[in-house]
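Engineer: Compact mmCIF, C-alpha atoms, file structure-v3.txt:
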# COMPACT_ATOMS: atom_id res chain seq x y z
CA GLN I 176 116.69 37.69 106.24
CA GLN I 177 113.04 38.52 105.85
CA GLN I 178 111.11 36.42 108.34
CA VAL I 179 107.62 37.37 107.20
CA LYS I 180 107.02 37.58 103.46
CA GLN I 181 103.98 39.54 102.32
CA SER I 182 102.35 39.67 98.91
CA PRO I 183 101.26 41.37 96.78
CA GLN I 184 103.05 44.68 97.19
CA SER I 185 100.03 46.50 95.78
CA LEU I 186 96.46 45.54 95.02
CA ILE I 187 93.62 47.21 93.15
CA VAL I 188 90.11 45.92 93.80
CA GLN I 189 86.74 47.11 92.62
CA LYS I 190 84.20 48.22 95.18
CA GLY I 191 82.27 45.23 96.43
CA GLY I 192 85.03 42.77 95.54
CA ILE I 193 87.18 40.60 97.78
CA SER I 194 90.68 41.74 98.69
CA ILE I 195 93.16 39.02 99.61
CA ILE I 196 96.62 39.63 101.06
CA ASN I 197 98.96 36.77 101.84
CA CYS I 198 101.81 36.27 104.29
CA ALA I 199 104.23 33.42 104.81
CA TYR I 200 106.66 32.74 107.61
CA GLU I 201 109.47 30.31 108.31
CA ASN I 202 109.88 30.28 112.06
CA THR I 203 107.54 27.85 113.80
CA ALA I 204 108.22 29.65 117.09
CA PHE I 205 105.87 32.47 116.06
CA ASP I 206 102.67 32.31 118.10
CA TYR I 207 100.78 35.52 117.38
CA PHE I 208 99.85 36.94 113.99
CA PRO I 209 98.29 40.41 113.80
CA TRP I 210 97.32 42.55 110.84
CA TYR I 211 97.77 46.31 111.01
CA GLN I 212 96.03 48.91 108.86
CA GLN I 213 97.64 52.23 108.02
CA PHE I 214 95.94 55.19 106.37
CA PRO I 215 98.07 57.84 104.62
CA GLY I 216 99.73 60.18 107.07
CA LYS I 217 98.75 58.09 110.10
CA GLY I 218 100.38 55.47 112.26
CA PRO I 219 99.46 51.79 111.86
CA ALA I 220 96.60 50.46 113.96
CA LEU I 221 95.70 46.88 114.89
CA LEU I 222 92.95 45.54 112.64
CA ILE I 223 92.62 41.87 113.60
CA ALA I 224 94.84 39.15 115.10
CA ILE I 225 94.96 35.38 115.40
CA ARG I 226 96.82 32.70 117.33
CA PRO I 227 97.85 29.43 115.60
CA ASP I 228 95.42 27.28 117.57
CA VAL I 229 92.56 28.43 115.32
CA SER I 230 92.28 28.35 111.53
CA GLU I 231 90.07 31.37 111.04
CA LYS I 232 89.14 34.60 112.80
CA LYS I 233 86.40 36.86 111.53
CA GLU I 234 85.55 40.41 112.53
CA GLY I 235 82.92 42.03 110.38
CA ARG I 236 84.15 42.12 106.78
CA PHE I 237 87.70 41.17 107.77
CA THR I 238 88.81 37.54 108.10
CA ILE I 239 92.19 35.98 108.85
CA SER I 240 92.73 32.50 107.47
CA PHE I 241 95.59 30.58 109.06
CA ASN I 242 97.29 27.47 107.69
CA LYS I 243 99.74 26.20 110.29
CA SER I 244 101.12 23.33 108.21
CA ALA I 245 101.86 25.62 105.28
CA LYS I 246 103.09 28.41 107.55
CA GLN I 247 100.85 30.88 105.79
CA PHE I 248 98.15 33.30 106.81
CA SER I 249 96.02 35.68 104.84
CA LEU I 250 93.69 38.62 105.25
CA HIS I 251 90.41 38.62 103.36
CA ILE I 252 88.36 41.80 103.05
CA MET I 253 84.85 41.04 101.90
CA ASP I 254 82.71 43.64 100.11
CA SER I 255 85.73 45.95 99.83
CA GLN I 256 84.94 49.66 100.14
CA PRO I 257 86.87 52.78 99.08
CA GLY I 258 87.32 53.52 102.77
CA ASP I 259 89.37 50.31 103.04
CA SER I 260 92.05 51.88 100.82
CA ALA I 261 95.14 51.77 103.02
CA THR I 262 98.40 49.93 103.52
CA TYR I 263 98.11 46.61 105.33
CA PHE I 264 100.92 44.96 107.25
CA CYS I 265 101.02 41.41 108.52
CA ALA I 266 103.23 40.66 111.49
CA ALA I 267 104.34 37.84 113.75
CA LYS I 268 105.68 37.49 117.28
CA TYR I 269 107.88 34.86 118.85
CA SER I 270 106.40 32.76 121.59
CA GLY I 271 107.64 32.70 125.12
CA ALA I 272 107.93 35.05 128.01
CA GLY I 273 110.18 38.01 127.48
CA SER I 274 109.46 38.26 123.78
CA TYR I 275 108.47 41.80 122.97
CA GLN I 276 109.07 42.29 119.26
CA LEU I 277 106.79 42.10 116.26
CA THR I 278 108.31 41.21 112.89
CA PHE I 279 106.43 42.99 110.12
CA GLY I 280 105.91 42.16 106.46
CA LYS I 281 106.75 44.86 103.94
CA GLY I 282 103.15 45.92 103.46
CA THR I 283 100.46 45.86 100.78
CA LYS I 284 98.97 49.05 99.42
CA LEU I 285 95.29 48.41 98.74
CA SER I 286 93.29 50.67 96.49
CA VAL I 287 89.55 50.09 96.23
CA ILE I 288 88.11 51.82 93.20
CA PRO I 289 84.42 52.79 92.88
CA ASN O 91 93.69 59.83 126.77
CA ALA O 92 96.04 61.14 124.08
CA GLY O 93 97.51 57.68 123.46
CA VAL O 94 100.97 57.88 121.89
CA THR O 95 102.21 61.35 121.01
CA GLN O 96 105.31 62.26 119.00
CA THR O 97 107.15 65.52 118.47
CA PRO O 98 108.02 67.04 116.13
CA LYS O 99 105.70 66.12 113.27
CA PHE O 100 108.15 67.25 110.58
CA GLN O 101 111.84 68.06 110.61
CA VAL O 102 114.45 68.98 108.05
CA LEU O 103 118.09 68.48 109.01
CA LYS O 104 121.38 69.01 107.30
CA THR O 105 123.88 66.17 107.16
CA GLY O 106 125.82 66.01 110.42
CA GLN O 107 123.23 67.78 112.55
CA SER O 108 121.79 66.09 115.60
CA MET O 109 118.27 65.92 116.90
CA THR O 110 116.05 64.07 119.36
CA LEU O 111 112.65 62.67 118.53
CA GLN O 112 110.32 62.65 121.50
CA CYS O 113 107.64 60.10 122.29
CA ALA O 114 105.23 59.85 125.21
CA GLN O 115 102.35 57.52 126.07
CA ASP O 116 99.66 57.93 128.70
CA MET O 117 98.36 54.35 128.71
CA ASN O 118 100.66 53.06 131.46
CA HIS O 119 102.29 50.61 129.04
CA ASN O 120 105.54 48.96 130.01
CA SER O 121 107.06 48.42 126.57
CA MET O 122 107.89 51.08 123.99
CA TYR O 123 109.36 50.93 120.49
CA TRP O 124 110.90 53.03 117.75
CA TYR O 125 110.40 52.04 114.11
CA ARG O 126 111.34 53.57 110.81
CA GLN O 127 109.19 53.21 107.73
CA ASP O 128 110.63 53.48 104.23
CA PRO O 129 108.86 52.82 100.92
CA GLY O 130 108.82 49.12 100.12
CA MET O 131 110.63 48.23 103.35
CA GLY O 132 107.76 48.01 105.79
CA LEU O 133 108.29 48.80 109.45
CA ARG O 134 111.76 48.13 110.79
CA LEU O 135 112.50 48.13 114.49
CA ILE O 136 115.28 50.48 115.57
CA TYR O 137 115.25 50.08 119.35
CA TYR O 138 112.82 48.98 121.98
CA SER O 139 112.41 49.20 125.72
CA ALA O 140 110.75 46.21 127.34
CA SER O 141 110.29 48.11 130.58
CA GLU O 142 111.45 51.26 132.31
CA GLY O 143 115.21 51.16 132.72
CA THR O 144 115.93 48.74 129.86
CA THR O 145 116.63 49.25 126.17
CA ASP O 146 117.61 46.81 123.42
CA LYS O 147 118.65 47.02 119.80
CA GLY O 148 116.28 46.10 117.05
CA GLU O 149 116.92 45.33 113.40
CA VAL O 150 118.45 48.68 112.35
CA PRO O 151 120.06 50.41 115.37
CA ASN O 152 123.16 51.90 113.71
CA GLY O 153 123.27 55.69 113.87
CA TYR O 154 120.68 55.94 116.64
CA ASN O 155 120.55 56.06 120.42
CA VAL O 156 117.59 55.90 122.76
CA SER O 157 116.69 56.90 126.27
CA ARG O 158 113.82 55.56 128.32
CA LEU O 159 113.41 58.65 130.46
CA ASN O 160 110.59 57.22 132.60
CA LYS O 161 107.65 54.90 132.07
CA ARG O 162 105.88 57.43 129.85
CA GLU O 163 108.70 58.73 127.66
CA PHE O 164 111.06 57.12 125.15
CA SER O 165 113.28 59.32 123.01
CA LEU O 166 115.29 58.58 119.87
CA ARG O 167 118.46 60.53 119.13
CA LEU O 168 120.33 60.97 115.88
CA GLU O 169 123.82 62.13 116.80
CA SER O 170 125.03 62.92 113.28
CA ALA O 171 122.24 62.73 110.75
CA ALA O 172 122.84 61.18 107.33
CA PRO O 173 120.67 61.27 104.19
CA SER O 174 120.07 57.51 104.66
CA GLN O 175 118.15 58.40 107.82
CA THR O 176 115.50 60.23 105.83
CA SER O 177 112.39 58.32 106.82
CA VAL O 178 109.15 58.36 108.75
CA TYR O 179 109.71 57.43 112.39
CA PHE O 180 107.01 55.83 114.50
CA CYS O 181 106.93 55.33 118.21
CA ALA O 182 104.72 52.61 119.67
CA SER O 183 103.80 51.26 123.06
CA ARG O 184 102.60 47.78 123.91
CA TYR O 185 99.60 46.76 125.86
CA SER O 186 100.48 44.01 128.34
CA GLY O 187 97.39 42.16 129.38
CA THR O 188 95.50 38.97 128.72
CA GLY O 189 93.65 37.60 125.75
CA ILE O 190 94.12 38.04 122.04
CA PHE O 191 94.96 41.74 122.32
CA GLN O 192 97.68 41.34 124.88
CA GLU O 193 100.32 41.93 122.22
CA THR O 194 98.78 45.04 120.67
CA GLN O 195 101.17 47.81 119.83
CA TYR O 196 99.70 51.31 119.71
CA PHE O 197 101.44 53.65 117.28
CA GLY O 198 101.92 57.38 117.35
CA PRO O 199 101.24 59.62 114.33
CA GLY O 200 104.87 59.61 113.17
CA THR O 201 107.68 62.09 112.61
CA ARG O 202 108.67 62.82 109.02
CA LEU O 203 112.40 63.48 108.82
CA LEU O 204 114.30 64.76 105.80
CA VAL O 205 118.08 64.85 105.94
CA LEU O 206 119.70 66.95 103.23
Would you write the structure of this file as structure tokens?
Structural biologist:
Amino acid sequence: QQQVKQSPQSLIVQKGGISIINCAYENTAFDYFPWYQQFPGKGPALLIAIRPDVSEKKEGRFTISFNKSAKQFSLHIMDSQPGDSATYFCAAKYSGAGSYQLTFGKGTKLSVIP
Amino acid sequence: NAGVTQTPKFQVLKTGQSMTLQCAQDMNHNSMYWYRQDPGMGLRLIYYSASEGTTDKGEVPNGYNVSRLNKREFSLRLESAAPSQTSVYFCASRYSGTGIFQETQYFGPGTRLLVL
């Protein structure tokens, strides 16, 4: 059972446009929602993260929007650049002490064309 | 700091052969993880070690074993490789601290494994 559903699977955006990737979850016990960025041939790296007590987190051109009631969160990349071309994974973690696992979405391959 | 290192980078095995993937981290992290990444499947957790001396199964543990050798090292062993284990394997370690980044997992560069 897929606990974090990510869409779209792939995305093509023109340079300067806005890239939007969406994730949905079922389990209300999740309390931490990171996004990871992976360039070809490299390991994933944390891009930005949010906790459910806030509705938005912004870092530079990257913004997470969080809708607790809808159990959805999304990544917005403003002014998308060719250097943003990568695979993006959303993830979620259960709350509580002793919880060590992240559950990942299946990923979105973003291509930003000049 | 080297961060998370993995060896080897590439490996080709024949069906039935065994091998061990090595992972080490120099960030003094308690928790370590092994994932596999397959096209369209995202990152799936194979095994993890919450702390030195403990290991637990993840989502896809069948066909694998792990050893947490010490705080720095966490190895993944394929006893009898199968073509279905062709994948890219990532090791990660987890920062345990305070604040929004207390859950950050740091990934290694990956091992690309082909089983013929």
Engineer: Could the residues of chain O that have an atom at most 6 Å from chain I be listed as a tab-separated table, each with its closest atom pair and the distance in Å to one decimal, counting all atoms listed in the file and ordered by chain and ascending residue number?
Structural biologist:
residue	atom	partner	partner_atom	distance
O:Met131	CA	I:Lys281	CA	5.2
O:Gly132	CA	I:Lys281	CA	3.8
O:Phe197	CA	I:Gly218	CA	5.4
O:Gly198	CA	I:Gly218	CA	5.7
O:Pro199	CA	I:Gly218	CA	4.7
Engineer: Go ahead and write the selection's residues with C-alpha atoms as a compact mmCIF listing (two decimals), in the coordinates of the input.
Structural biologist:
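Produced file again.txt, reproduced below:
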# COMPACT_ATOMS: atom_id res chain seq x y z
CA MET O 131 110.63 48.23 103.35
CA GLY O 132 107.76 48.01 105.79
CA PHE O 197 101.44 53.65 117.28
CA GLY O 198 101.92 57.38 117.35
CA PRO O 199 101.24 59.62 114.33
Engineer: What's around region 236-249 of chain I at 6 Å? Count all atoms listed in the file, leave out sequence neighbours fewer than 2 positions away in its own chain, and write the answer as a PyMOL selection string.
Structural biologist: chain I and resi 196-200+230-234+251-253
Engineer: What is the CA of Ser185 (chain I) to CA of Gly130 (chain O) distance in Å?
Structural biologist: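 Calculated distance between CA of Ser185 (chain I) and CA of Gly130 (chain O) is 10.1 Å.
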Engineer: Separation of CA of Gln96 (chain O) and CA of Ser165 (chain O), in Å?
Structural biologist: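 According to the coordinates, CA of Gln96 (chain O) and CA of Ser165 (chain O) are separated by 9.4 Å.
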Engineer: When you count only C-alpha atoms, which of these residues is closest to Ser260 (chain I): I:Val179, I:Val188, I:Ile195, I:Ala204?
Structural biologist: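 Among I:Val179, I:Val188, I:Ile195, I:Ala204, it is I:Val188 that comes nearest to Ser260 (chain I).
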Engineer: Quick check, in Å to one decimal: how far apart do CA of Ala261 (chain I) and CA of Ser174 (chain O) lie?
Structural biologist: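 Atom-to-atom, CA of Ala261 (chain I) and CA of Ser174 (chain O) are spaced 25.6 Å apart.
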Engineer: Measuring atom to atom with all atoms listed in the file, identify which of I:Gln178, I:Asp206, I:Ser286, I:Ser194 is nearest to Gly271 (chain I).
Structural biologist: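 Of the candidates, the smallest distance to Gly271 (chain I) is held by I:Asp206.
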Engineer: Using all atoms listed in the file, pick whichever of O:Asn152, O:Ser139, O:Ser157, O:Ser183 has the shortest atom-to-atom distance to Thr95 (chain O).
Structural biologist: O:Ser183
Engineer: Quick one: everything within 10 Å of Gly93 (chain O), counting only C-alpha atoms, minus sequence neighbours fewer than 4 positions away in the same chain. Send it as a list in words.
Structural biologist: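 Using only C-alpha atoms, the neighbours found are Ala114, Gln115, Asp116, Met117, Asn118, Ala182, Ser183, Tyr196, Phe197 and Gly198 of chain O.
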